[in-house]
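Worksheet for the structure shown next.
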Amino acid sequence: MKAWLRWTPGLESLARYRRKWLLPDLLAGVVLAAGIVPVGMAYAELAGLAPIYGLYASLAALLVYAVFGPSRAIVMGPDSATASLVAAAIIPLALADPAMRVAYAGTLALLVGVISLVVGIARLGFVTDLLSKPVRIGYMNGIALAIIVSQLPKLLGFSAQGEGVFGLLGSFFRGIEATNVAALALGAASVVLILVLSWIAPRAPGALIAVAGATVVSSVLGLAAKGVVTVGMLPQGLPEFRIPALSGDTLLPLLAGAVGIAVITLTDTTVLTRSFAAKFGYESDADKEFIALGTANVAAGFFQGFPVSGSQTRSAINVSAGAKSQAAGLVAAVTLGALLVAAPGLLENLPLSVLAAVIICAGIDLADARGTIRLWYWRRTEFVLSLATFLGVIVLGVLPGVFFAVVLSMLNFVRRQWWPHDAVLGRVPGVKGYHDIGDFNDAIQVPGLLLFRFDAPLFFANANIFKRRLIARIDAASVPVRRVVICAEPLIDVDTTAADTLIELVRELRAGDIEIAFAELKHPVREHLEKCGVIDLVGAEMLFPTIGTAVHAYVSAAGVQWVDWEDTS
């Protein structure tokens with residue numbers, strides 16, 4: 001394979017193109033373009049931009065992914081969560097200046113593209129694990145509510161300004177008297193239509209049907225002349241190549257916004273890649289997807305677009321329409337280009353309240369009520385974590401909510417390692433191995449021997465907790481403890497602070513005539529403990545390959561009576 005084809009898997013696929021794929025790809029591309037038009041325009045509105053820029057971003061993403069994208073299924077384009085983050089990043093900087101909003105949105109796309117490229121080329125895909133599922137559910141629920149609230153004024157046919165969810169709600173209720181009944185009727189009918197179709201006919205293009213129907217009704221009744229705000233005539237022609245202007249005073253806040261957007265887009269792309277790979281039985285390559293995502297965003301930045309991401313909905317449309325290769329994306333791009341060149345007035349009379357309806361339905365789809373309920377039943381601590389993330393997005397705002405979610409994920413990981421589960425092990429009649437005596441009422445311990453397991457690596461934050469818990473277990477033993485065996489299989493690492501704590505522990509136990517031993521100590525950990533002096537202090541004879549051999553050694557040395565039930569562990 002030529003080296004350049006390795007970096008352009010879309011071209012590689014086209015180089016092996018089969019004639020029988022042509023008709024399915026043509027049909028899928030046209031269907032895909034029809035689905036992209038309404039949501040692309042709607043997400044541009046959500047991002048604080050004119051609807052045309054959603055089509056520009058979609059066009060650039062489709063063309064670039066056809067070259068760099070490794071999957072025939074995935075479609076890149078504007079996304080509801082991403083669009084709301086774009087608005088949060090550019091509106092405070094550009095205020096009401098539409099030209100500056102476009103410039104800042106392009107800069108944001110370039111920055112997201114560069115970050116994604118770095119992650120993909122350097123194979124740093126593990127950064128997508130920064131958002132745990134509970135945090136992700138809470139974050140998306142918060143985003144969904146913020147999206148819905150932001151579109152309520154447009155659904156009713158008037159505009160409102162406010163900071164955050166509570167500010168927007170206050171502005172909405174203050175301006176509700178300005179409701180345009182015709183705009184509300186069309187918007188509400190569109191919401192109902194899209195939701196009903198998604199329920200009874202999931203494959204039907206509900207957004208497209210709503211947009212087409214509302215445009216016809218608006219044109220026939222002349223609603224634009226009656227105060228209903230419409231999209232208006234789109235600019236004719238393809239997007240121009242422009243280098244977004246960068247300035248020192250805006251670069252830092254835009255970079256902060258780009259990092260937050262990149263975390264979300266990379267995570268979404270990872271989930272999307274894995275789900276489609278599992279569904280269709282091919283190997284996913286997250287790093288190549290990140291490179292494709294990065295190039296798509298760079299292209300969107302240079303061609304008057306804004307940050308894009310992998311789209312679950314449009315990817316599903318692409319697959320269900322029968323796409324066989326990345327050529328379907330090329331067909332969709334050509335169809336969009338033809339619309340911009342030949343029919344810019346096609347959606348001139350489309351009410352903005354209907355675009356708001358499309359966005360609101362996207363927000364409803366983004367929320368994960370079922371996942372939230374499962375967290376409540378499965379693990380209350382993770383439900384609380386999800387709820388805290390949700391409140392963080394609502395109270396702090398959409399963009400700070402990204403960083404709040406990442407911090408919560410990392411803190412939750414540290415919490416689990418800081419205060420892990422620990423157990424005293426014993427033998428259970430008829431069950432092989434040694435098990436937590438808290439799980440079995442008939443578990444039996446060797447008199448004078450304490451088998452202690454700490455289910456986490458030892459590091460500076462939990463070393464003293466390990467020591468306190470072990471001493472507490474010794475004090476609570478019904479028979480005086482003469483030897484402690486640390487069941488070390490979960491101890492995948494022991495840092496220097498924890499090694500010093502182990503030395504203190506060994507000396508304290510010896511002062512009380514208690515020996516300490518290790519079982520199942522991993523070789524890298526043993527090497528580190530040797531360097532730190534722990535092994536010399538304990539004695540190499542007190543290291544055992546299994547818990548079973550450690551028990552046998554103690555029973556033999558202490559001369560205690562012990563029924564083994566043919567232990568082979």
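Residue names in the structure tokens use chain letters A, B, ... in the order shown, residue numbers from 1 in each chain, and ligand numbers from 1 in the order shown.
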Would you kindly return, as a CSV table (one decimal) with C-alpha atoms, in the first residue's frame, each protein, DNA or RNA residue with an atom no farther than 8 Å from any atom of A:Arg453, considering only C-alpha atoms and excluding same-chain residues fewer than 5 positions away?
```
chain,number,residue,atom,x,y,z
A,422,ASP,CA,-10.7,-3.9,51.3
A,423,ALA,CA,-11.3,-7.4,52.6
A,424,VAL,CA,-10.2,-10.2,55.0
A,425,LEU,CA,-10.1,-13.5,53.1
A,486,ILE,CA,-0.9,-9.0,52.1
A,487,CYS,CA,-2.8,-10.5,49.2
A,488,ALA,CA,-1.1,-8.3,46.6
A,490,PRO,CA,-4.6,-5.8,43.2
```
Find the residues around stretch 19-21 of chain A up to 12 Å (only C-alpha atoms counted), leave out those fewer than 2 positions away in its own chain, and share them as a compact mmCIF listing (two decimals) with N, CA and C atoms, in the first residue's frame.
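To be explicit, this is the file written out as part-v8.txt:
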```txt
# COMPACT_ATOMS: atom_id res chain seq x y z
N SER A 13 -10.45 3.58 -0.18
CA SER A 13 -11.72 2.91 -0.44
C SER A 13 -12.20 3.20 -1.86
N LEU A 14 -12.07 4.46 -2.29
CA LEU A 14 -12.51 4.82 -3.64
C LEU A 14 -11.63 4.16 -4.71
N ALA A 15 -10.35 3.93 -4.37
CA ALA A 15 -9.46 3.26 -5.32
C ALA A 15 -9.89 1.81 -5.55
N ARG A 16 -10.57 1.23 -4.58
CA ARG A 16 -11.05 -0.16 -4.71
C ARG A 16 -12.56 -0.19 -4.98
N TYR A 17 -13.08 0.89 -5.55
CA TYR A 17 -14.53 1.04 -5.71
C TYR A 17 -15.10 0.00 -6.67
N LEU A 23 -25.10 2.86 -7.59
CA LEU A 23 -26.50 3.25 -7.40
C LEU A 23 -26.86 3.41 -5.93
N PRO A 24 -26.51 2.44 -5.04
CA PRO A 24 -26.80 2.64 -3.62
C PRO A 24 -26.14 3.90 -3.04
N ASP A 25 -24.92 4.19 -3.46
CA ASP A 25 -24.24 5.39 -2.95
C ASP A 25 -24.90 6.67 -3.46
N LEU A 26 -25.37 6.66 -4.72
CA LEU A 26 -26.07 7.83 -5.26
C LEU A 26 -27.35 8.10 -4.48
N LEU A 27 -28.14 7.06 -4.26
CA LEU A 27 -29.40 7.22 -3.54
C LEU A 27 -29.15 7.64 -2.09
N ALA A 28 -28.17 6.99 -1.45
CA ALA A 28 -27.88 7.33 -0.05
C ALA A 28 -27.39 8.76 0.07
N GLY A 29 -26.58 9.21 -0.88
CA GLY A 29 -26.06 10.58 -0.84
C GLY A 29 -27.16 11.62 -0.94
N ARG A 72 -17.33 3.87 6.16
CA ARG A 72 -18.38 4.17 5.19
C ARG A 72 -19.65 4.67 5.85
N GLY A 322 -28.51 2.89 2.64
CA GLY A 322 -27.81 1.91 1.83
C GLY A 322 -26.42 2.30 1.36
N ALA A 323 -25.76 3.25 2.03
CA ALA A 323 -24.42 3.67 1.62
C ALA A 323 -23.44 2.50 1.65
N LYS A 324 -22.63 2.38 0.60
CA LYS A 324 -21.66 1.30 0.50
C LYS A 324 -20.23 1.78 0.68
N SER A 325 -20.00 3.08 0.57
CA SER A 325 -18.65 3.61 0.69
C SER A 325 -18.71 5.09 1.03
N GLN A 326 -17.53 5.70 1.17
CA GLN A 326 -17.44 7.12 1.46
C GLN A 326 -17.93 7.97 0.29
N ALA A 327 -18.15 7.36 -0.86
CA ALA A 327 -18.66 8.10 -2.02
C ALA A 327 -20.05 8.68 -1.76
N ALA A 328 -20.82 8.06 -0.85
CA ALA A 328 -22.14 8.61 -0.51
C ALA A 328 -22.00 10.02 0.05
```
Selection: 9 Å around A:Pro457, only C-alpha atoms, excl. self and same-chain fewer than 5 positions, as a ChimeraX atom specification: /A:417,462,490-495
What would the file look like if the residues just selected were written as a compact mmCIF listing (two decimals), in the first residue's frame with N, CA and C atoms?
```txt
# COMPACT_ATOMS: atom_id res chain seq x y z
N GLN A 417 -9.83 5.24 44.01
CA GLN A 417 -8.52 4.74 44.39
C GLN A 417 -8.15 5.15 45.81
N ASN A 462 -3.54 7.10 49.43
CA ASN A 462 -4.26 6.05 50.16
C ASN A 462 -3.35 5.18 51.03
N PRO A 490 -4.11 -7.08 43.62
CA PRO A 490 -4.61 -5.77 43.15
C PRO A 490 -3.57 -4.65 43.22
N LEU A 491 -2.44 -4.89 43.89
CA LEU A 491 -1.44 -3.83 44.05
C LEU A 491 -0.58 -3.74 42.79
N ILE A 492 -1.14 -3.13 41.75
CA ILE A 492 -0.43 -3.05 40.47
C ILE A 492 0.68 -2.00 40.51
N ASP A 493 0.69 -1.18 41.54
CA ASP A 493 1.75 -0.18 41.67
C ASP A 493 1.86 0.23 43.14
N VAL A 494 3.07 0.57 43.56
CA VAL A 494 3.32 1.08 44.90
C VAL A 494 4.32 2.23 44.75
N ASP A 495 3.89 3.46 45.02
CA ASP A 495 4.82 4.57 44.84
C ASP A 495 5.75 4.70 46.06
```
Looking at A:Leu110, A:Ile115, A:Ala356, A:Leu347, which one is nearest to A:Ser159, with distances taken over only C-alpha atoms? A:Ala356
Give me, as number ranges by chain, all polymer residues having an atom no more than 12 Å from A:Ala342, counting only C-alpha atoms and skipping those fewer than 2 positions away in the same chain. A: 234-238, 334-340, 344-346
Determine which residues of stretch 418-553 of chain A receive a DSSP assignment of alpha helix (DSSP H), computed from the backbone, and state them as number ranges by chain. A: 418, 463-476, 496-511, 523-532, 534-538, 547-553
Write out as a ChimeraX atom specification the residues lying within 12 Å of A:Val551, counting only C-alpha atoms and excluding same-chain residues fewer than 4 positions away. /A:425-427,433-434,445-451,483-487,517-519,542-547,555-564,567-569
Can you tell me, as a PDB file with N, CA and C atoms, in the first residue's frame, what residues are no more than 9 Å from A:Leu391 when counting only C-alpha atoms, ignoring any on the same chain fewer than 3 positions away?
```pdb
ATOM      1  N   GLY A 138     -24.928  13.039  32.731  1.00  0.00           N
ATOM      2  CA  GLY A 138     -25.316  14.285  33.384  1.00  0.00           C
ATOM      3  C   GLY A 138     -25.004  15.496  32.531  1.00  0.00           C
ATOM      4  N   TYR A 139     -23.851  15.467  31.878  1.00  0.00           N
ATOM      5  CA  TYR A 139     -23.468  16.586  31.025  1.00  0.00           C
ATOM      6  C   TYR A 139     -24.435  16.729  29.854  1.00  0.00           C
ATOM      7  N   GLY A 142     -27.711  18.124  30.903  1.00  0.00           N
ATOM      8  CA  GLY A 142     -27.611  19.571  31.098  1.00  0.00           C
ATOM      9  C   GLY A 142     -27.596  20.316  29.786  1.00  0.00           C
ATOM     10  N   SER A 386     -23.680  12.107  38.355  1.00  0.00           N
ATOM     11  CA  SER A 386     -24.359  12.561  37.142  1.00  0.00           C
ATOM     12  C   SER A 386     -25.203  13.808  37.415  1.00  0.00           C
ATOM     13  N   LEU A 387     -25.905  13.805  38.543  1.00  0.00           N
ATOM     14  CA  LEU A 387     -26.735  14.956  38.911  1.00  0.00           C
ATOM     15  C   LEU A 387     -25.875  16.198  39.156  1.00  0.00           C
ATOM     16  N   ALA A 388     -24.735  16.014  39.801  1.00  0.00           N
ATOM     17  CA  ALA A 388     -23.832  17.142  40.054  1.00  0.00           C
ATOM     18  C   ALA A 388     -23.325  17.732  38.743  1.00  0.00           C
ATOM     19  N   ILE A 394     -25.945  23.553  34.203  1.00  0.00           N
ATOM     20  CA  ILE A 394     -27.052  24.505  34.317  1.00  0.00           C
ATOM     21  C   ILE A 394     -26.618  25.782  35.043  1.00  0.00           C
ATOM     22  N   VAL A 395     -25.863  25.632  36.115  1.00  0.00           N
ATOM     23  CA  VAL A 395     -25.498  26.784  36.942  1.00  0.00           C
ATOM     24  C   VAL A 395     -24.300  27.537  36.367  1.00  0.00           C
ATOM     25  N   LEU A 396     -23.265  26.805  35.956  1.00  0.00           N
ATOM     26  CA  LEU A 396     -22.034  27.440  35.502  1.00  0.00           C
ATOM     27  C   LEU A 396     -22.093  27.862  34.040  1.00  0.00           C
ATOM     28  N   GLY A 401     -19.232  23.950  31.964  1.00  0.00           N
ATOM     29  CA  GLY A 401     -19.732  22.632  32.327  1.00  0.00           C
ATOM     30  C   GLY A 401     -18.887  21.506  31.766  1.00  0.00           C
TER      31      GLY A 401
END
```
Taken to one decimal, the atom CA of A:Ser116-atom CA of A:Pro70 distance is 15.3 Å
Taking only C-alpha atoms into account, which of A:Asp368, A:Phe413, A:Pro239, A:Trp7 comes nearest A:Leu117?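 Ranked by minimum distance to A:Leu117, first place goes to A:Trp7.
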For the atom pair atom CA of A:Asp439 and atom CA of A:Arg482, what is the interatomic distance in Å to one decimal place?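 Pair atom CA of A:Asp439 / atom CA of A:Arg482 returns 24.1 Å.
Remark: for A:Ile36, the closest of the candidate residues A:Thr8, A:Thr265, A:Ser58, A:Asn297 is A:Ser58 (distances computed over only C-alpha atoms).
Distances from A:Gly157, A:Gly548, A:Gly397, A:Gly539 to A:Ala178 were compared using only C-alpha atoms, and the smallest one belongs to A:Gly157.
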Neighbour list for A:Glu504 as a list in words, cut-off 12 Å, only C-alpha atoms, skip fewer than 2 positions in-chain: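 Result of the neighbour search: Ala463, Asn464, Lys467, Arg468, Thr497, Ala498, Ala499, Asp500, Thr501, Leu502, Val506, Arg507, Glu508, Leu509, Arg510, Ala511, Ile516, Gly533, Val534, Leu537 and Val538 of chain A.
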I'd like the interatomic distance between atom CA of A:Ile535 and atom CA of A:Leu521, to a tenth of an Å.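 For atom CA of A:Ile535 relative to atom CA of A:Leu521, the distance reads 11.1 Å.
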For each of A:Ala333, A:Val319, A:Ala87, A:Ala99, take the minimum atom-to-atom distance to A:Tyr56, counting only C-alpha atoms, then give the residue where this is smallest.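 Smallest separation from A:Tyr56 among the options: A:Ala333.
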To test your reading of the structure, identify every residue in stretch 379-487 of chain A that backbone DSSP assigns to strand (DSSP E or B), and report it as a PyMOL selection string. chain A and resi 422-428+431-436+444+449-454+458+483-487
Store the residues picked out above in a file with C-alpha atoms, as a compact mmCIF listing (two decimals), in the first residue's frame.
```
# COMPACT_ATOMS: atom_id res chain seq x y z
CA ASP A 422 -10.69 -3.93 51.34
CA ALA A 423 -11.34 -7.42 52.64
CA VAL A 424 -10.20 -10.18 54.98
CA LEU A 425 -10.11 -13.49 53.13
CA GLY A 426 -10.98 -16.98 54.28
CA ARG A 427 -11.73 -20.46 52.96
CA VAL A 428 -15.29 -21.44 52.08
CA VAL A 431 -15.52 -23.22 46.94
CA LYS A 432 -12.07 -23.06 45.41
CA GLY A 433 -9.74 -20.24 46.46
CA TYR A 434 -9.96 -17.60 49.19
CA HIS A 435 -12.84 -15.17 49.43
CA ASP A 436 -14.07 -12.10 51.28
CA ILE A 444 -13.21 -19.99 57.96
CA LEU A 449 -3.35 -15.66 60.29
CA LEU A 450 -4.91 -12.58 58.65
CA LEU A 451 -5.26 -12.55 54.86
CA PHE A 452 -5.74 -8.89 53.89
CA ARG A 453 -6.62 -7.57 50.43
CA PHE A 454 -6.66 -3.87 49.43
CA LEU A 458 -0.87 1.98 46.76
CA ARG A 483 1.09 -13.14 60.83
CA VAL A 484 -0.45 -10.85 58.20
CA VAL A 485 -0.38 -11.85 54.54
CA ILE A 486 -0.94 -8.97 52.11
CA CYS A 487 -2.83 -10.47 49.16
```
Have a look at A:Ala367, A:Val31, A:Met233, A:Ile90 and name the one nearest to A:Arg203; count only C-alpha atoms.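 Of A:Ala367, A:Val31, A:Met233, A:Ile90, the one nearest A:Arg203, counting only C-alpha atoms, is A:Val31.
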Please report, as JSON lines, each residue of stretch 24-104 of chain A lying at most 12 Å from stretch 145-154 of chain A, together with the nearest pair of atoms and the separation in Å rounded to one decimal; use only C-alpha atoms, and order rows by chain and ascending residue number.
```
{"residue": "A:Ala42", "atom": "CA", "partner": "A:Gln151", "partner_atom": "CA", "distance": 10.4}
{"residue": "A:Tyr43", "atom": "CA", "partner": "A:Ile147", "partner_atom": "CA", "distance": 10.4}
{"residue": "A:Glu45", "atom": "CA", "partner": "A:Gln151", "partner_atom": "CA", "distance": 9.5}
{"residue": "A:Leu46", "atom": "CA", "partner": "A:Ile147", "partner_atom": "CA", "distance": 7.8}
{"residue": "A:Ala47", "atom": "CA", "partner": "A:Ile147", "partner_atom": "CA", "distance": 10.3}
{"residue": "A:Gly48", "atom": "CA", "partner": "A:Ser150", "partner_atom": "CA", "distance": 10.7}
{"residue": "A:Asp79", "atom": "CA", "partner": "A:Ile147", "partner_atom": "CA", "distance": 11.7}
{"residue": "A:Ser80", "atom": "CA", "partner": "A:Ile147", "partner_atom": "CA", "distance": 8.0}
{"residue": "A:Ala81", "atom": "CA", "partner": "A:Ile147", "partner_atom": "CA", "distance": 8.3}
{"residue": "A:Thr82", "atom": "CA", "partner": "A:Ile147", "partner_atom": "CA", "distance": 10.9}
{"residue": "A:Ala83", "atom": "CA", "partner": "A:Ile147", "partner_atom": "CA", "distance": 9.5}
{"residue": "A:Ser84", "atom": "CA", "partner": "A:Ile147", "partner_atom": "CA", "distance": 6.9}
{"residue": "A:Leu85", "atom": "CA", "partner": "A:Ile147", "partner_atom": "CA", "distance": 10.2}
{"residue": "A:Ala87", "atom": "CA", "partner": "A:Ile147", "partner_atom": "CA", "distance": 10.7}
{"residue": "A:Ala88", "atom": "CA", "partner": "A:Ala146", "partner_atom": "CA", "distance": 10.9}
```
